[in-house]
Amino acid sequence: MDLMLAILRMIGDTTLSVVPIAAFMLFFHRVVLHRQFAEPVQLGAGFVLMLAGLGIFLLGLEQALFPVGRLMVDQLVAFTTARLPEQAPGWWDYRLIFAFAFCLAFGAAIAEPALLAIAGRVQELSGGTINAWGLRVAAALGVALGVTVGTVRIAAGIPLHWCIAATYAVIIVQTLFAPRAITSVAYDVGGVSTSAVTVPVVTALGLGLAQQVPGRSELVDGFGLLALAAAHPVITVLAYAQINALLERRAQRLRTLTPPQDQEPG
Amino acid sequence: MRLFWRMALGSLRDLAPVLIVILFFQTIVLDRPVSDLAVLAQGAVLVVVGLTLFVYGLEIALFPVGDALAYALASRGSFAWLLAFAFLLGFGTTLAEPALTAVAGEAAKVAAAGGSIADTAPALSRYALGLRLAVALAVGAALVLGVTRIVFGWSLPKLVAGGYLLVIAITFVAPPEAVGIAYDSGAVTSSVITVPLVTALGIGLASSLAERNPLTDGFGMIALILLVPMLFVMLYTAVLAWT
């Protein structure tokens, strides 16, 4: 019974936050553009499913995954700091946290609903040349990489703008060589993969680590992880497209170089 | 119903990595039993059901509406209305974004600790509101820029590379304690509702213009939503620090 009430309250909350957007779009569509939607019943049902789904999803995250995740971050940071060497711990002593950050960020990004929806859309629009699952794994690896760089940065005390500038430099160089069809998608994917699941998980990680590392301020050093988590998927998605293009070119060259009869097993 | 089960299985697969990570680190690395296995399992079931319904609803409702709206706006042929719609959508959704409200409150504490503003309740709330307005204006501007780019077919890489250089340049005039918040502000605003909505609009607009490609021209709005708030927030905090 409590669960039903909690679900209903959560759906109410999400509905309240979406109603202004929906009303604005409806107003524009009807009053400014004088249009009617083609299948209002199906659209209405879709919106109800969407809101109910979002409410249930967020409730599950808040009830179980976030508290467990936050608890684990604290326990792991305590576990690591308890085993630090007596004087002057170096950044490498936090390696267990880096490994945890990498795995957790990867898992969170794979579970990200916006990424799921957008990857499907990309596969459809590219006529199947960009695979949805490949795109999601590449993006999640990017988030994981970015969060790892961010935690190393907090532990080692590297200024944030250096990390960001280096990331941007890599992206600009990569863009010059990457297939044109994927660049726009790659630039978008960073923002797509940092939403409902990743943002709270990553924020908890940054705050937990910044509290514990000596000489770091939780308020100042806790920020910046999200920016890195949003920037690195551009690198991995561009790399994914570059590797695909490379394999494609090699396969093509092999086909043109070797006459068909040579391909028979000898 | 078969489709629903297949989608639910897909959601379960999507959730599996994060559960495995938590269980692995909890039992193997920390060597502690998972305290609330029942709570974790219940949460996982809720997440799977919710994710399935949400994505299904998105596909049958939000994507078609975004397409229809973008098509209607494009076929009406009024560039001014298109820009007005893009700006209001970006500004409105951002101002109402709960994640941004939370981060703006945190950011005000950082600014007070750094000595940029007085550590009093009215000063804190004024700073937080100013920050939210700066980000909302930035997202509105980003959508206007994104729509203009699609209509005129500007190159996204050049735009983004220019933006990156500006971000790095402005970093040197912004107050150091505000830089982290400014960098994060873009990622905070790209929420689970705005991302599919804005993407649907971009794709719809690019599809309804004959000479634009939905894949290369339709995407790119989210990239600008990440970028422009960094610039606006750093400029806002820099101006505050000077005055």
# chains A, B, ... in the order shown; residues from 1 in each chain; ligands from 1
>>> closest_atom_pairs(of="chain B", to="chain A", cutoff="6 Å", atoms="only C-alpha atoms", output="JSON lines")
{"residue": "B:Asp14", "atom": "CA", "partner": "A:Ala111", "partner_atom": "CA", "distance": 5.0}
{"residue": "B:Leu15", "atom": "CA", "partner": "A:Ala111", "partner_atom": "CA", "distance": 5.2}
{"residue": "B:Pro17", "atom": "CA", "partner": "A:Gly107", "partner_atom": "CA", "distance": 4.7}
{"residue": "B:Val18", "atom": "CA", "partner": "A:Gly107", "partner_atom": "CA", "distance": 4.1}
{"residue": "B:Val39", "atom": "CA", "partner": "A:Ala64", "partner_atom": "CA", "distance": 5.9}
{"residue": "B:Leu40", "atom": "CA", "partner": "A:Ala64", "partner_atom": "CA", "distance": 4.9}
{"residue": "B:Gly43", "atom": "CA", "partner": "A:Gly60", "partner_atom": "CA", "distance": 4.1}
{"residue": "B:Leu46", "atom": "CA", "partner": "A:Gly60", "partner_atom": "CA", "distance": 4.8}
{"residue": "B:Val47", "atom": "CA", "partner": "A:Phe57", "partner_atom": "CA", "distance": 4.3}
{"residue": "B:Gly50", "atom": "CA", "partner": "A:Gly53", "partner_atom": "CA", "distance": 3.8}
{"residue": "B:Leu51", "atom": "CA", "partner": "A:Phe57", "partner_atom": "CA", "distance": 5.7}
{"residue": "B:Leu53", "atom": "CA", "partner": "A:Gly53", "partner_atom": "CA", "distance": 4.5}
{"residue": "B:Phe54", "atom": "CA", "partner": "A:Met50", "partner_atom": "CA", "distance": 4.1}
{"residue": "B:Gly57", "atom": "CA", "partner": "A:Gly46", "partner_atom": "CA", "distance": 4.2}
{"residue": "B:Leu58", "atom": "CA", "partner": "A:Met50", "partner_atom": "CA", "distance": 6.0}
{"residue": "B:Ile60", "atom": "CA", "partner": "A:Gly46", "partner_atom": "CA", "distance": 5.5}
{"residue": "B:Ala61", "atom": "CA", "partner": "A:Leu43", "partner_atom": "CA", "distance": 4.6}
{"residue": "B:Val110", "atom": "CA", "partner": "A:Leu219", "partner_atom": "CA", "distance": 5.6}
{"residue": "B:Glu177", "atom": "CA", "partner": "A:Val220", "partner_atom": "CA", "distance": 6.0}
{"residue": "B:Gly180", "atom": "CA", "partner": "A:Gly224", "partner_atom": "CA", "distance": 4.6}
{"residue": "B:Ile181", "atom": "CA", "partner": "A:Phe223", "partner_atom": "CA", "distance": 5.8}
{"residue": "B:Tyr183", "atom": "CA", "partner": "A:Ala227", "partner_atom": "CA", "distance": 5.4}
{"residue": "B:Asp184", "atom": "CA", "partner": "A:Ala227", "partner_atom": "CA", "distance": 4.7}
{"residue": "B:Ala187", "atom": "CA", "partner": "A:Gly191", "partner_atom": "CA", "distance": 5.7}
{"residue": "B:Ser190", "atom": "CA", "partner": "A:Gly191", "partner_atom": "CA", "distance": 5.9}
{"residue": "B:Ser191", "atom": "CA", "partner": "A:Ser195", "partner_atom": "CA", "distance": 5.0}
{"residue": "B:Val192", "atom": "CA", "partner": "A:Ala114", "partner_atom": "CA", "distance": 5.6}
{"residue": "B:Thr216", "atom": "CA", "partner": "A:Ser184", "partner_atom": "CA", "distance": 5.5}
{"residue": "B:Phe219", "atom": "CA", "partner": "A:Ser184", "partner_atom": "CA", "distance": 5.3}
{"residue": "B:Gly220", "atom": "CA", "partner": "A:Ser184", "partner_atom": "CA", "distance": 5.1}
{"residue": "B:Ile222", "atom": "CA", "partner": "A:Asp188", "partner_atom": "CA", "distance": 5.0}
{"residue": "B:Ala223", "atom": "CA", "partner": "A:Asp188", "partner_atom": "CA", "distance": 4.6}
>>> residues_around(residues="Thr151 of chain A", least_positions_apart="2", cutoff="8 Å", atoms="only C-alpha atoms", output="ChimeraX atom specification")
/A:97-98,101,147-149,153-155,206,209,225
>>> atom_distance(atom1="atom CA of Pro98 of chain B", atom2="atom CA of Val135 of chain B")
13.0 Å
>>> select_by_dssp(residues="segment 89-188 of chain B", states="alpha helix (DSSP H)", output="count of residues only")
84
>>> residues_around(residues="Thr243 of chain B", least_positions_apart="4", cutoff="12 Å", atoms="only C-alpha atoms", output="list in words")
Ser116, Ile117, Tyr236, Thr237, Ala238 and Val239 of chain B
>>> write_last_selection(atoms="N, CA and C atoms", output="PDB file, in the first residue's frame")
ATOM      1  N   SER B 116      32.822  35.844  -2.860  1.00  0.00           N
ATOM      2  CA  SER B 116      32.279  36.658  -3.945  1.00  0.00           C
ATOM      3  C   SER B 116      31.012  37.384  -3.509  1.00  0.00           C
ATOM      4  N   ILE B 117      30.205  36.737  -2.653  1.00  0.00           N
ATOM      5  CA  ILE B 117      28.970  37.362  -2.180  1.00  0.00           C
ATOM      6  C   ILE B 117      28.920  37.227  -0.665  1.00  0.00           C
ATOM      7  N   TYR B 236      28.542  35.699 -16.245  1.00  0.00           N
ATOM      8  CA  TYR B 236      27.697  36.216 -15.157  1.00  0.00           C
ATOM      9  C   TYR B 236      28.508  36.358 -13.874  1.00  0.00           C
ATOM     10  N   THR B 237      29.277  35.304 -13.526  1.00  0.00           N
ATOM     11  CA  THR B 237      30.035  35.356 -12.280  1.00  0.00           C
ATOM     12  C   THR B 237      31.194  36.367 -12.397  1.00  0.00           C
ATOM     13  N   ALA B 238      31.769  36.492 -13.599  1.00  0.00           N
ATOM     14  CA  ALA B 238      32.843  37.456 -13.772  1.00  0.00           C
ATOM     15  C   ALA B 238      32.315  38.873 -13.590  1.00  0.00           C
ATOM     16  N   VAL B 239      31.138  39.148 -14.182  1.00  0.00           N
ATOM     17  CA  VAL B 239      30.551  40.483 -14.056  1.00  0.00           C
ATOM     18  C   VAL B 239      30.215  40.772 -12.596  1.00  0.00           C
TER      19      VAL B 239
END
>>> residues_around(residues="Gly163 of chain B", least_positions_apart="5", cutoff="12 Å", atoms="only C-alpha atoms", output="JSON, numbers by chain")
{"A": [165, 168, 172], "B": [142, 145, 156, 157, 158, 168, 169, 170, 223, 224, 225, 226, 227, 228, 229, 230, 231, 232]}
